[in-house]
Amino acid sequence: ISGVDGGMDVYPFELYQAKYGTLWDTKVRLPEEQLSPELAQAKNFADCCLGKAEPVVTAEQALKVSQLMEAIYQSSEMGSSIKLASVGVED
C-alpha cells in the first residue's frame with residue numbers, strides 16, 4: 001500500500017516513509033507471545049464458526065476494504081489517482 005506520505009507492506013509488516021530526502025524503513029516486530037496476524041485471523045475464524053467469538057472484522061469493514069482494493073485496481077488501470085468517494089469509500 002502506498003500513498004503520498006509513505007507506504008507499507010503487510011507481510012512482513014513494514015512501514016516506508018521519505019524524510020530528509022532519504023527513504024526510511026520501519027520493520028514492526030511483534031512480541032513473541034503474540035500470535036502472527038495469519039494465525040490470529042485463522043483462530044478468530046475458527047472461534048466464530050464454533051460460536052465462541054465475534055468476528056474481529058465486521059462486514060462493513062470488509063466492504064470498505066473491498067471498495068478500497070477496487071479503487072487501487074481502477075487507479076492502476078487508469079494510470080492516475082482517483083477520489084475514494086467515487087468508488088463508495090467515504091471514511
# chains A, B, ... in the order shown; residues from 1 in each chain; ligands from 1
call {"tool": "residues_around", "arguments": {"residues": "Pro55 in chain A", "least_positions_apart": "2", "cutoff": "12 Å", "atoms": "only C-alpha atoms", "output": "VMD selection string"}}
result
chain A and resid 40 to 53 57 to 62
call {"tool": "write_last_selection", "arguments": {"atoms": "C-alpha atoms", "output": "PDB file, in the first residue's frame"}}
result
ATOM      1  CA  ALA A  40      -4.756 -14.830  14.830  1.00  0.00           C
ATOM      2  CA  GLN A  41      -7.055 -14.470  11.799  1.00  0.00           C
ATOM      3  CA  ALA A  42      -7.438 -18.242  11.427  1.00  0.00           C
ATOM      4  CA  LYS A  43      -8.082 -18.649  15.172  1.00  0.00           C
ATOM      5  CA  ASN A  44     -10.750 -15.936  15.148  1.00  0.00           C
ATOM      6  CA  PHE A  45     -12.444 -17.557  12.134  1.00  0.00           C
ATOM      7  CA  ALA A  46     -12.499 -20.970  13.827  1.00  0.00           C
ATOM      8  CA  ASP A  47     -13.772 -19.478  17.105  1.00  0.00           C
ATOM      9  CA  CYS A  48     -16.548 -17.654  15.204  1.00  0.00           C
ATOM     10  CA  CYS A  49     -17.590 -20.889  13.491  1.00  0.00           C
ATOM     11  CA  LEU A  50     -17.772 -22.577  16.905  1.00  0.00           C
ATOM     12  CA  GLY A  51     -19.800 -19.714  18.375  1.00  0.00           C
ATOM     13  CA  LYS A  52     -17.008 -18.777  20.784  1.00  0.00           C
ATOM     14  CA  ALA A  53     -16.212 -15.324  19.375  1.00  0.00           C
ATOM     15  CA  VAL A  57     -13.541  -7.595  11.209  1.00  0.00           C
ATOM     16  CA  THR A  58     -17.148  -6.546  10.642  1.00  0.00           C
ATOM     17  CA  ALA A  59     -18.976  -6.979   7.347  1.00  0.00           C
ATOM     18  CA  GLU A  60     -18.932  -3.195   6.943  1.00  0.00           C
ATOM     19  CA  GLN A  61     -15.151  -3.106   7.378  1.00  0.00           C
ATOM     20  CA  ALA A  62     -14.714  -5.928   4.859  1.00  0.00           C
TER      21      ALA A  62
END
call {"tool": "select_by_dssp", "arguments": {"residues": "chain A", "states": "strand (DSSP E)", "output": "list in words"}}
result
Gly7, Met8, Asp9, Glu14, Leu15, Tyr16, Gln17, Ala18, Lys19, Thr22, Leu23, Trp24, Asp25, Thr26 and Lys27 of chain A
call {"tool": "write_last_selection", "arguments": {"atoms": "C-alpha atoms", "output": "JSON list (two decimals), in the first residue's frame"}}
result
[["chain", "number", "residue", "atom", "x", "y", "z"],
["A", 7, "GLY", "CA", 3.67, 3.23, 2.31],
["A", 8, "MET", "CA", 3.54, -0.15, 3.96],
["A", 9, "ASP", "CA", 3.75, -3.88, 3.37],
["A", 14, "GLU", "CA", 6.93, -2.76, 7.32],
["A", 15, "LEU", "CA", 6.38, 0.98, 7.04],
["A", 16, "TYR", "CA", 8.11, 3.24, 4.49],
["A", 17, "GLN", "CA", 8.41, 7.00, 4.61],
["A", 18, "ALA", "CA", 10.61, 9.59, 2.94],
["A", 19, "LYS", "CA", 12.20, 12.04, 5.38],
["A", 22, "THR", "CA", 16.01, 9.61, 2.43],
["A", 23, "LEU", "CA", 13.69, 6.60, 2.44],
["A", 24, "TRP", "CA", 13.14, 5.29, 5.98],
["A", 25, "ASP", "CA", 12.03, 1.69, 6.53],
["A", 26, "THR", "CA", 10.49, 0.64, 9.82],
["A", 27, "LYS", "CA", 10.16, -3.07, 10.47]]
call {"tool": "atom_distance", "arguments": {"atom1": "CA of Gln67 in chain A", "atom2": "CA of Val4 in chain A"}}
result
19.6 Å
call {"tool": "select_by_dssp", "arguments": {"residues": "chain A", "states": "helix (DSSP H, G or I)", "output": "MDAnalysis selection string"}}
result
chainID A and resid 37:49 59:78 84:87
call {"tool": "write_last_selection", "arguments": {"atoms": "N, CA and C atoms", "output": "compact mmCIF listing (two decimals), in the first residue's frame"}}
result
# COMPACT_ATOMS: atom_id res chain seq x y z
N PRO A 37 -0.24 -12.44 12.61
CA PRO A 37 -1.53 -11.99 12.07
C PRO A 37 -2.30 -13.11 11.37
N GLU A 38 -1.58 -13.97 10.64
CA GLU A 38 -2.23 -15.06 9.93
C GLU A 38 -2.88 -16.04 10.89
N LEU A 39 -2.14 -16.42 11.94
CA LEU A 39 -2.65 -17.37 12.91
C LEU A 39 -3.80 -16.77 13.72
N ALA A 40 -3.68 -15.49 14.08
CA ALA A 40 -4.76 -14.83 14.83
C ALA A 40 -6.03 -14.78 13.99
N GLN A 41 -5.89 -14.52 12.69
CA GLN A 41 -7.06 -14.47 11.80
C GLN A 41 -7.71 -15.85 11.70
N ALA A 42 -6.90 -16.88 11.53
CA ALA A 42 -7.44 -18.24 11.43
C ALA A 42 -8.11 -18.67 12.73
N LYS A 43 -7.50 -18.31 13.87
CA LYS A 43 -8.08 -18.65 15.17
C LYS A 43 -9.41 -17.94 15.37
N ASN A 44 -9.49 -16.67 15.01
CA ASN A 44 -10.75 -15.94 15.15
C ASN A 44 -11.83 -16.55 14.26
N PHE A 45 -11.48 -16.93 13.04
CA PHE A 45 -12.44 -17.56 12.13
C PHE A 45 -12.98 -18.86 12.73
N ALA A 46 -12.07 -19.70 13.23
CA ALA A 46 -12.50 -20.97 13.83
C ALA A 46 -13.38 -20.73 15.05
N ASP A 47 -12.98 -19.79 15.91
CA ASP A 47 -13.77 -19.48 17.10
C ASP A 47 -15.15 -18.94 16.73
N CYS A 48 -15.24 -18.15 15.67
CA CYS A 48 -16.55 -17.65 15.20
C CYS A 48 -17.43 -18.81 14.73
N CYS A 49 -16.84 -19.73 13.98
CA CYS A 49 -17.59 -20.89 13.49
C CYS A 49 -18.11 -21.74 14.64
N ALA A 59 -18.61 -6.94 8.77
CA ALA A 59 -18.98 -6.98 7.35
C ALA A 59 -18.78 -5.61 6.71
N GLU A 60 -19.10 -4.56 7.46
CA GLU A 60 -18.93 -3.20 6.94
C GLU A 60 -17.46 -2.89 6.67
N GLN A 61 -16.58 -3.33 7.58
CA GLN A 61 -15.15 -3.11 7.38
C GLN A 61 -14.65 -3.89 6.17
N ALA A 62 -15.12 -5.12 6.01
CA ALA A 62 -14.71 -5.93 4.86
C ALA A 62 -15.17 -5.27 3.56
N LEU A 63 -16.37 -4.70 3.57
CA LEU A 63 -16.86 -3.99 2.38
C LEU A 63 -15.97 -2.80 2.05
N LYS A 64 -15.56 -2.04 3.07
CA LYS A 64 -14.67 -0.88 2.84
C LYS A 64 -13.35 -1.33 2.22
N VAL A 65 -12.80 -2.44 2.72
CA VAL A 65 -11.54 -2.95 2.18
C VAL A 65 -11.73 -3.36 0.72
N SER A 66 -12.85 -4.02 0.42
CA SER A 66 -13.13 -4.41 -0.97
C SER A 66 -13.24 -3.19 -1.87
N GLN A 67 -13.91 -2.15 -1.38
CA GLN A 67 -14.04 -0.92 -2.16
C GLN A 67 -12.68 -0.26 -2.36
N LEU A 68 -11.85 -0.28 -1.32
CA LEU A 68 -10.51 0.29 -1.42
C LEU A 68 -9.67 -0.48 -2.43
N MET A 69 -9.75 -1.81 -2.40
CA MET A 69 -9.00 -2.62 -3.36
C MET A 69 -9.47 -2.33 -4.79
N GLU A 70 -10.78 -2.18 -4.97
CA GLU A 70 -11.31 -1.84 -6.29
C GLU A 70 -10.75 -0.49 -6.75
N ALA A 71 -10.66 0.46 -5.83
CA ALA A 71 -10.10 1.78 -6.17
C ALA A 71 -8.64 1.66 -6.58
N ILE A 72 -7.90 0.80 -5.91
CA ILE A 72 -6.49 0.59 -6.25
C ILE A 72 -6.37 0.04 -7.67
N TYR A 73 -7.19 -0.96 -7.99
CA TYR A 73 -7.17 -1.53 -9.34
C TYR A 73 -7.56 -0.50 -10.39
N GLN A 74 -8.61 0.28 -10.11
CA GLN A 74 -9.04 1.30 -11.06
C GLN A 74 -7.95 2.35 -11.27
N SER A 75 -7.31 2.76 -10.19
CA SER A 75 -6.23 3.74 -10.29
C SER A 75 -5.09 3.20 -11.14
N SER A 76 -4.77 1.93 -10.94
CA SER A 76 -3.69 1.31 -11.71
C SER A 76 -4.05 1.24 -13.19
N GLU A 77 -5.28 0.84 -13.49
CA GLU A 77 -5.71 0.75 -14.89
C GLU A 77 -5.71 2.11 -15.58
N MET A 78 -6.13 3.15 -14.84
CA MET A 78 -6.20 4.50 -15.40
C MET A 78 -4.84 5.18 -15.43
N LEU A 84 -11.49 8.46 -3.57
CA LEU A 84 -12.10 7.29 -2.97
C LEU A 84 -13.62 7.39 -2.92
N ALA A 85 -14.14 8.60 -2.76
CA ALA A 85 -15.60 8.77 -2.72
C ALA A 85 -16.25 8.31 -4.03
N SER A 86 -15.51 8.34 -5.13
CA SER A 86 -16.07 7.94 -6.42
C SER A 86 -16.31 6.43 -6.51
N VAL A 87 -15.70 5.66 -5.61
CA VAL A 87 -15.93 4.21 -5.58
C VAL A 87 -16.61 3.79 -4.30
call {"tool": "atom_distance", "arguments": {"atom1": "CA of Pro12 in chain A", "atom2": "CA of Lys83 in chain A"}}
result
28.1 Å
call {"tool": "atom_distance", "arguments": {"atom1": "CA of Val10 in chain A", "atom2": "CA of Val56 in chain A"}}
result
17.2 Å
